[in-house]
Structure formats: C-alpha cells, structure tokens
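Source file: target_33.cif; contents: mmCIF, C-alpha atoms and all ligand atoms.
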```cif
data_start
loop_
_atom_site.label_atom_id
_atom_site.label_comp_id
_atom_site.auth_asym_id
_atom_site.auth_seq_id
_atom_site.Cartn_x
_atom_site.Cartn_y
_atom_site.Cartn_z
CA MET O 844 -17.21 9.72 -15.77
CA ARG O 845 -19.01 10.85 -12.60
CA LEU O 846 -21.72 8.97 -10.66
CA ALA O 847 -24.75 10.76 -9.25
CA VAL O 848 -26.86 8.57 -6.97
CA ASN O 849 -30.64 8.83 -7.10
CA ILE O 850 -31.94 8.31 -3.55
CA ASP O 851 -35.71 8.36 -4.30
CA HIS O 852 -36.22 4.80 -3.09
CA ILE O 853 -34.80 5.53 0.36
CA ALA O 854 -37.81 7.85 0.59
CA THR O 855 -40.06 5.15 -0.92
CA ILE O 856 -39.25 2.88 2.04
CA ARG O 857 -39.90 5.72 4.50
CA GLU O 858 -43.24 6.60 2.86
CA ALA O 859 -44.34 2.92 3.03
CA ARG O 860 -44.74 3.54 6.78
CA LYS O 861 -45.14 7.35 6.74
CA THR O 862 -42.44 7.49 9.39
CA ASP O 863 -39.08 9.25 9.62
CA GLU O 864 -36.74 6.42 8.59
CA PRO O 865 -34.77 5.81 6.49
CA ASP O 866 -33.95 9.48 5.97
CA PRO O 867 -32.77 10.43 2.46
CA ILE O 868 -30.63 13.17 4.03
CA ALA O 869 -28.50 10.52 5.80
CA ALA O 870 -28.45 8.41 2.62
CA ALA O 871 -27.12 11.36 0.61
CA ALA O 872 -24.30 11.92 3.11
CA ILE O 873 -23.32 8.22 3.02
CA ALA O 874 -23.40 8.16 -0.81
CA GLU O 875 -21.17 11.25 -0.95
CA LEU O 876 -18.71 9.79 1.57
CA ALA O 877 -18.55 6.67 -0.62
CA GLY O 878 -17.53 8.79 -3.62
CA ALA O 879 -20.77 9.80 -5.35
CA GLN O 880 -20.24 13.11 -7.13
CA GLY O 881 -23.88 14.12 -7.15
CA ILE O 882 -27.21 13.41 -5.46
CA THR O 883 -30.41 13.17 -7.50
CA VAL O 884 -34.03 13.20 -6.35
CA HIS O 885 -37.31 13.32 -8.26
CA LEU O 886 -39.90 15.60 -6.70
CA ARG O 887 -43.10 14.13 -8.13
CA GLY O 888 -46.41 15.94 -8.34
CA ASP O 889 -47.97 13.22 -6.14
CA ARG O 890 -45.05 13.29 -3.61
CA ARG O 891 -45.01 9.51 -3.59
CA HIS O 892 -41.43 9.39 -2.29
CA ILE O 893 -39.37 12.58 -2.05
CA GLN O 894 -41.07 15.38 -0.06
CA ASP O 895 -40.56 19.15 -0.23
CA ARG O 896 -38.78 18.99 3.12
CA ASP O 897 -36.20 16.57 1.67
CA VAL O 898 -35.34 18.91 -1.19
CA GLU O 899 -35.05 21.91 1.13
CA ILE O 900 -32.71 20.13 3.57
CA LEU O 901 -30.67 18.42 0.85
CA ARG O 902 -30.01 21.81 -0.74
CA ARG O 903 -28.25 22.79 2.48
CA THR O 904 -26.49 19.50 3.26
CA VAL O 905 -25.37 18.06 -0.10
CA SER O 906 -21.74 19.01 -0.62
CA THR O 907 -21.33 17.75 -4.22
CA HIS O 908 -24.34 18.87 -6.28
CA LEU O 909 -28.07 18.41 -5.90
CA ASN O 910 -29.99 17.52 -9.06
CA VAL O 911 -33.78 17.67 -8.80
CA GLU O 912 -35.81 15.90 -11.48
CA MET O 913 -39.19 17.50 -12.09
CA ALA O 914 -41.97 18.00 -14.59
CA ALA O 915 -42.10 21.37 -16.38
CA THR O 916 -45.08 22.64 -14.37
CA THR O 917 -45.71 26.04 -12.75
CA GLU O 918 -45.71 24.45 -9.28
CA MET O 919 -42.32 22.80 -9.81
CA VAL O 920 -40.70 25.86 -11.36
CA ARG O 921 -41.82 27.90 -8.35
CA ILE O 922 -40.27 25.38 -5.95
CA ALA O 923 -37.02 25.34 -7.94
CA GLN O 924 -36.84 29.14 -7.96
CA THR O 925 -37.25 29.14 -4.16
CA VAL O 926 -35.00 26.22 -3.20
CA LYS O 927 -32.46 26.79 -6.01
CA PRO O 928 -30.98 23.30 -6.39
CA HIS O 929 -27.69 23.23 -8.32
CA ARG O 930 -29.42 21.50 -11.23
CA VAL O 931 -32.94 20.75 -12.43
CA THR O 932 -33.56 17.90 -14.84
CA LEU O 933 -36.81 18.26 -16.76
CA VAL O 934 -38.61 14.93 -17.15
CA PRO O 935 -42.03 13.88 -18.44
CA GLU O 936 -44.38 12.70 -15.71
CA ARG O 937 -47.53 10.61 -15.91
CA LYS O 938 -49.61 10.06 -12.75
CA ASP O 939 -49.96 6.29 -13.07
CA GLU O 940 -46.43 5.51 -14.23
CA VAL O 941 -44.24 3.29 -12.05
CA THR O 942 -41.14 5.23 -13.12
CA THR O 943 -40.21 7.73 -15.83
CA GLU O 944 -41.25 6.02 -19.06
CA GLY O 945 -39.24 7.83 -21.70
CA GLY O 946 -37.53 11.06 -22.64
CA LEU O 947 -39.31 14.39 -22.73
CA ASP O 948 -40.68 15.20 -26.20
CA VAL O 949 -39.00 18.58 -26.62
CA VAL O 950 -40.19 18.91 -30.22
CA LEU O 951 -43.86 18.54 -29.27
CA HIS O 952 -43.64 20.68 -26.12
CA SER O 953 -41.00 23.14 -27.28
CA GLY O 954 -42.93 26.29 -26.22
CA THR O 955 -43.45 25.23 -22.59
CA ILE O 956 -39.98 23.77 -22.27
CA GLU O 957 -38.23 26.81 -23.69
CA LYS O 958 -40.07 29.04 -21.20
CA THR O 959 -39.22 26.69 -18.32
CA VAL O 960 -35.54 26.46 -19.28
CA ARG O 961 -35.34 30.26 -19.43
CA SER O 962 -37.00 30.75 -16.00
CA LEU O 963 -34.65 28.23 -14.38
CA VAL O 964 -31.48 29.52 -16.05
CA ASP O 965 -32.45 33.09 -15.10
CA ALA O 966 -32.74 31.91 -11.48
CA GLY O 967 -29.11 30.71 -11.69
CA ILE O 968 -30.00 27.01 -11.92
CA ASP O 969 -28.18 24.59 -14.22
CA VAL O 970 -30.69 22.79 -16.48
CA SER O 971 -30.66 19.35 -18.03
CA ILE O 972 -33.36 17.75 -20.19
CA PHE O 973 -34.05 14.00 -20.12
CA VAL O 974 -34.36 12.88 -23.76
CA ASP O 975 -34.33 9.71 -25.80
CA PRO O 976 -31.23 9.07 -27.95
CA ASP O 977 -32.91 10.67 -30.97
CA LEU O 978 -31.11 13.25 -33.09
CA GLU O 979 -34.18 15.42 -33.73
CA GLN O 980 -34.82 15.68 -29.98
CA ILE O 981 -31.19 16.49 -29.28
CA ARG O 982 -31.01 19.22 -31.93
CA GLN O 983 -34.14 20.74 -30.38
CA CYS O 984 -32.53 20.75 -26.89
CA SER O 985 -29.67 22.74 -28.36
CA LYS O 986 -32.11 25.18 -30.02
CA LEU O 987 -33.86 25.67 -26.66
CA ARG O 988 -30.42 26.57 -25.24
CA ALA O 989 -30.44 23.95 -22.49
CA PRO O 990 -26.88 23.55 -21.20
CA LYS O 991 -27.13 19.81 -20.53
CA ILE O 992 -29.04 16.72 -21.64
CA GLU O 993 -29.47 13.36 -19.95
CA ILE O 994 -29.79 10.57 -22.50
CA ASN O 995 -32.41 7.97 -21.59
CA THR O 996 -30.68 4.58 -21.37
CA GLY O 997 -34.00 2.82 -20.67
CA LYS O 998 -34.40 1.22 -24.11
CA TYR O 999 -30.84 -0.14 -23.92
CA THR O 1000 -31.34 -1.59 -20.43
CA GLU O 1001 -34.62 -3.26 -21.50
CA ALA O 1002 -32.93 -4.72 -24.60
CA TYR O 1003 -30.02 -5.92 -22.46
CA ALA O 1004 -32.38 -7.71 -20.07
CA ARG O 1005 -34.11 -9.47 -23.02
CA GLU O 1006 -31.15 -10.16 -25.26
CA TRP O 1007 -27.99 -10.26 -23.15
CA ALA O 1008 -27.03 -13.68 -24.49
CA THR O 1009 -27.33 -12.74 -28.18
CA GLY O 1010 -25.77 -9.27 -28.09
CA GLN O 1011 -28.76 -7.80 -29.99
CA TRP O 1012 -28.77 -4.92 -27.48
CA GLN O 1013 -25.71 -3.45 -29.19
CA ALA O 1014 -27.93 -1.53 -31.63
CA GLU O 1015 -29.33 0.40 -28.64
CA VAL O 1016 -25.80 1.19 -27.43
CA GLU O 1017 -24.96 2.51 -30.91
CA LYS O 1018 -27.94 4.90 -30.75
CA ILE O 1019 -26.63 6.25 -27.42
CA VAL O 1020 -23.06 6.58 -28.76
CA THR O 1021 -24.30 8.50 -31.85
CA ALA O 1022 -26.62 10.71 -29.79
CA ALA O 1023 -23.91 11.53 -27.24
CA ARG O 1024 -21.41 12.44 -29.96
CA ALA O 1025 -23.91 14.65 -31.79
CA ALA O 1026 -24.92 16.40 -28.57
CA ARG O 1027 -21.30 17.10 -27.61
CA LYS O 1028 -20.69 18.56 -31.09
CA LEU O 1029 -23.67 20.89 -30.54
CA GLY O 1030 -22.03 22.09 -27.32
CA LEU O 1031 -24.28 20.22 -24.91
CA VAL O 1032 -22.91 18.55 -21.79
CA VAL O 1033 -24.01 14.91 -21.93
CA LEU O 1034 -25.28 12.87 -18.99
CA ALA O 1035 -27.19 9.57 -19.09
CA GLY O 1036 -29.27 7.26 -16.98
CA HIS O 1037 -32.30 5.04 -16.33
CA GLY O 1038 -32.34 1.32 -15.69
CA LEU O 1039 -28.57 1.00 -15.32
CA ASN O 1040 -27.42 -1.79 -13.02
CA TYR O 1041 -24.43 -3.92 -12.03
CA ARG O 1042 -24.81 -6.14 -15.13
CA ASN O 1043 -25.53 -3.66 -17.92
CA ILE O 1044 -23.20 -0.80 -16.89
CA ASP O 1045 -20.09 -1.75 -18.90
CA ALA O 1046 -21.17 -0.70 -22.41
CA ILE O 1047 -22.34 2.70 -21.12
CA ALA O 1048 -19.28 3.27 -18.91
CA MET O 1049 -17.13 3.05 -22.08
CA ILE O 1050 -18.81 6.02 -23.82
CA ASN O 1051 -16.37 8.89 -23.40
CA ASP O 1052 -18.82 11.60 -24.49
CA ILE O 1053 -20.96 10.94 -21.38
CA GLU O 1054 -19.79 12.93 -18.34
CA GLU O 1055 -22.13 11.63 -15.65
CA LEU O 1056 -24.53 8.77 -14.94
CA ASN O 1057 -27.63 8.95 -12.75
CA ILE O 1058 -28.26 5.60 -11.09
CA GLY O 1059 -30.90 4.89 -8.44
CA HIS O 1060 -32.93 1.72 -8.21
CA SER O 1061 -30.12 -0.81 -8.60
CA ILE O 1062 -27.84 0.92 -6.07
CA ILE O 1063 -30.57 1.23 -3.43
CA SER O 1064 -31.63 -2.39 -4.09
CA ARG O 1065 -28.10 -3.62 -3.62
CA ALA O 1066 -27.68 -1.49 -0.50
CA ALA O 1067 -30.75 -3.18 1.02
CA LEU O 1068 -29.19 -6.60 0.50
CA VAL O 1069 -25.53 -6.01 1.32
CA GLY O 1070 -26.51 -3.97 4.40
CA LEU O 1071 -28.91 -6.63 5.74
CA ASP O 1072 -26.22 -8.81 7.31
CA ALA O 1073 -24.91 -5.96 9.51
CA ALA O 1074 -28.44 -4.78 10.38
CA VAL O 1075 -29.52 -8.23 11.65
CA ARG O 1076 -26.28 -8.73 13.62
CA GLU O 1077 -26.66 -5.31 15.29
CA MET O 1078 -30.24 -6.11 16.40
CA ILE O 1079 -29.26 -9.56 17.77
CA ALA O 1080 -26.37 -7.96 19.70
CA LEU O 1081 -28.77 -5.41 21.25
CA MET O 1082 -31.27 -8.13 22.17
CA ARG O 1083 -28.50 -10.13 23.87
CA ASN O 1084 -27.12 -7.12 25.71
CA PRO O 1085 -30.00 -4.73 26.35
CA ARG O 1086 -28.86 -1.25 27.35
CA LYS O 1087 -30.08 -0.45 30.86
N1 LIG N 1 -32.68 9.58 -14.84
C1 LIG N 1 -33.98 9.97 -14.79
C2 LIG N 1 -34.39 11.14 -15.60
C3 LIG N 1 -34.92 9.30 -13.99
O1 LIG N 1 -36.21 9.72 -13.97
C4 LIG N 1 -34.49 8.21 -13.21
C5 LIG N 1 -35.47 7.51 -12.31
O2 LIG N 1 -35.94 8.39 -11.35
C6 LIG N 1 -33.12 7.84 -13.27
C7 LIG N 1 -32.25 8.52 -14.11
C8 LIG N 1 -32.58 6.70 -12.47
O3 LIG N 1 -33.12 5.52 -12.94
P1 LIG N 1 -32.92 4.17 -12.12
O4 LIG N 1 -33.62 4.34 -10.81
O5 LIG N 1 -33.55 3.14 -13.00
O6 LIG N 1 -31.43 3.99 -11.94
#
```
Please, can you express the file's structure as structure tokens?
Amino acid sequence: MRLAVNIDHIATIREARKTDEPDPIAAAAIAELAGAQGITVHLRGDRRHIQDRDVEILRRTVSTHLNVEMAATTEMVRIAQTVKPHRVTLVPERKDEVTTEGGLDVVLHSGTIEKTVRSLVDAGIDVSIFVDPDLEQIRQCSKLRAPKIEINTGKYTEAYAREWATGQWQAEVEKIVTAARAARKLGLVVLAGHGLNYRNIDAIAMINDIEELNIGHSIISRAALVGLDAAVREMIALMRNPRK
C-alpha cells in the first residue's frame, strides 16, 4: 500500500501570514525523500491554502506523482488541462466547509461528472473520484469510466474517535472493505483517505484491495510537534553565536 502525503496545511500556515514560508514545494521534496509515493494538494475555489503557483511548480518538481484535488468546475478543469498534474481527484466543495465533508454524489451529478472525467482523461490526466463507501456510488463511478476511486474514510475515523473503546467502529470498516472489494471487481483502482491518523490507521492498512492512502492533517500536525525541538535549538544556537 502506497502513501501519498497531502501538504495543504503547510500552505495553511504560510497563508496565515501571507508570506513565503513554509513553502509546500520544500515540504513535498522532504515527504518524497522520506518515502512518500505521491504528493496531494487541494486547489480550492477560494485559494485558502494552496495557490495556483504551488500547483504549477509542484508539477515540475514532484518526482513521484502529483494528485490535485478539485471541484468539477469549468475553472478547475481549465487549470488541470493547462498544468496537467499526473492525477486529478474530483471532490465536492462547499465554501464554508472546514474540510471536505463527504464523497461526491456521482449519481446526482452524473452528467457534469461524466463530462469532467472525459475532458480530463482526454487531456492525458489520470482521474480519481472521492466517494463514500456506498455500492450505488461505486457502480456509478464505473459507469462514468473513471479509472480510480478514493473511498472516503471520514465516517470510519469519526466512529473510531467516538467508539474506540467499544469497537463499534468496526461496522464502518466493513463498509469500506465491501466497497473496496466491489470496486476492484468492477475494474477500478481503489485509493482511500480522510481523517486517517496515527491511532486509527491499522484497520485501514490491512485492507488489501486499497492501493494508496491520502493522509494530510495528522502528518502535518505531527511534523509541527516532532520538528519543534530542533527548530527551537537551532534558533537558540544562532542567538548565542550570531553570524557576523
Ligand atoms: N482525501 C480527500 C479527497 C481530501 O479532501 C482530503 C483532505 O483534503 C484528504 C484525503 C486528506 O484528509 P486528512 O487531511 O484528514 O488526512
């Protein structure tokens, strides 16, 4: 199973000050050197974290594969056709949401999504659709001839946070196992992600039908903490020995 690291929140920290650090381009290189087999960013309509410039530079510097999450809008399709990331993941997007809230409803929006998938595939871009572990949605992804799906693990991770002591979350794992198996049988390549962290990863890491996980928030959060010790020591050393 491969890991693709979502580096959106490196850009969130940068945008908090509207400055040039930390740079997601450097973060992508470090993640790849540490063994990540993909880099994911979400180019939002409101550009709250990742900027167009980030996507353009990452396309040239990422040596594994660049996966850009985006809404199925005309603006985003145009950007994808120009920048040509290795993969686009179609996600739903609501202006006021804190993060992606659920899978794309490919049954309800099948017309728009089919057109978008076609335009992207015709531009030579690999396409994945972020969907809930729901068999009707997965069958529709196959009908729309999307090569890949990313199963939303959000419901499982919420259940795990509530019910880790009782094991009640196992029903959510079963839904993901069943969805992944069905999708593989339909010929879809299966990826998964959302809300995964250092505590809830085990049950998902055991699902053989899933080829790749997209993980962002928990990895960037941990990086901020485990990197803090070195960052403080470096600053104290510079203050004690100023460079002339
Ligand atoms: N997959 C999709 C489609 C997402 O929108 C996100 C969040 O941007 C992720 C995976 C990663 O989720 P998290 O940041 O909770 O690991």
How far is it from atom CA of Gly1038 of chain O to atom CA of Asn849 of chain O, in Å with one decimal? 11.5 Å
Out of O:Arg887, O:Arg982, O:Arg902, O:Arg845, which residue has the shortest atom-to-atom distance to ligand LIG 1 (chain N) when counting all atoms listed in the file?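 Looking only at the distances to ligand LIG 1 (chain N), the closest residue turns out to be O:Arg887.
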Hey, which of O:Asp969, O:Glu993, O:Glu858, O:Asp1052 ends up closest to Arg930 of chain O? Count all atoms listed in the file. O:Asp969
Residues within 8 Å of ligand LIG 1 (chain N), counting all atoms listed in the file: report them as a list in words.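 Result of the 8 Å neighbour search around ligand LIG 1 (chain N): Asn849, Asp851, Val884, His885, Glu912, Thr932, Leu933, Val934, Thr942, Thr943, Gly946, Phe973, Glu993, Asn995, Gly997, Ala1035, Gly1036, His1037, Gly1038, Leu1039, Asn1040, Leu1056, Asn1057, Ile1058, Gly1059, His1060, Ser1061 and Ile1062 of chain O.
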Pick from O:Val949, O:Ile868, O:Ile1050, O:Ile972: nearest to Met913 of chain O, with only C-alpha atoms counted? O:Ile972
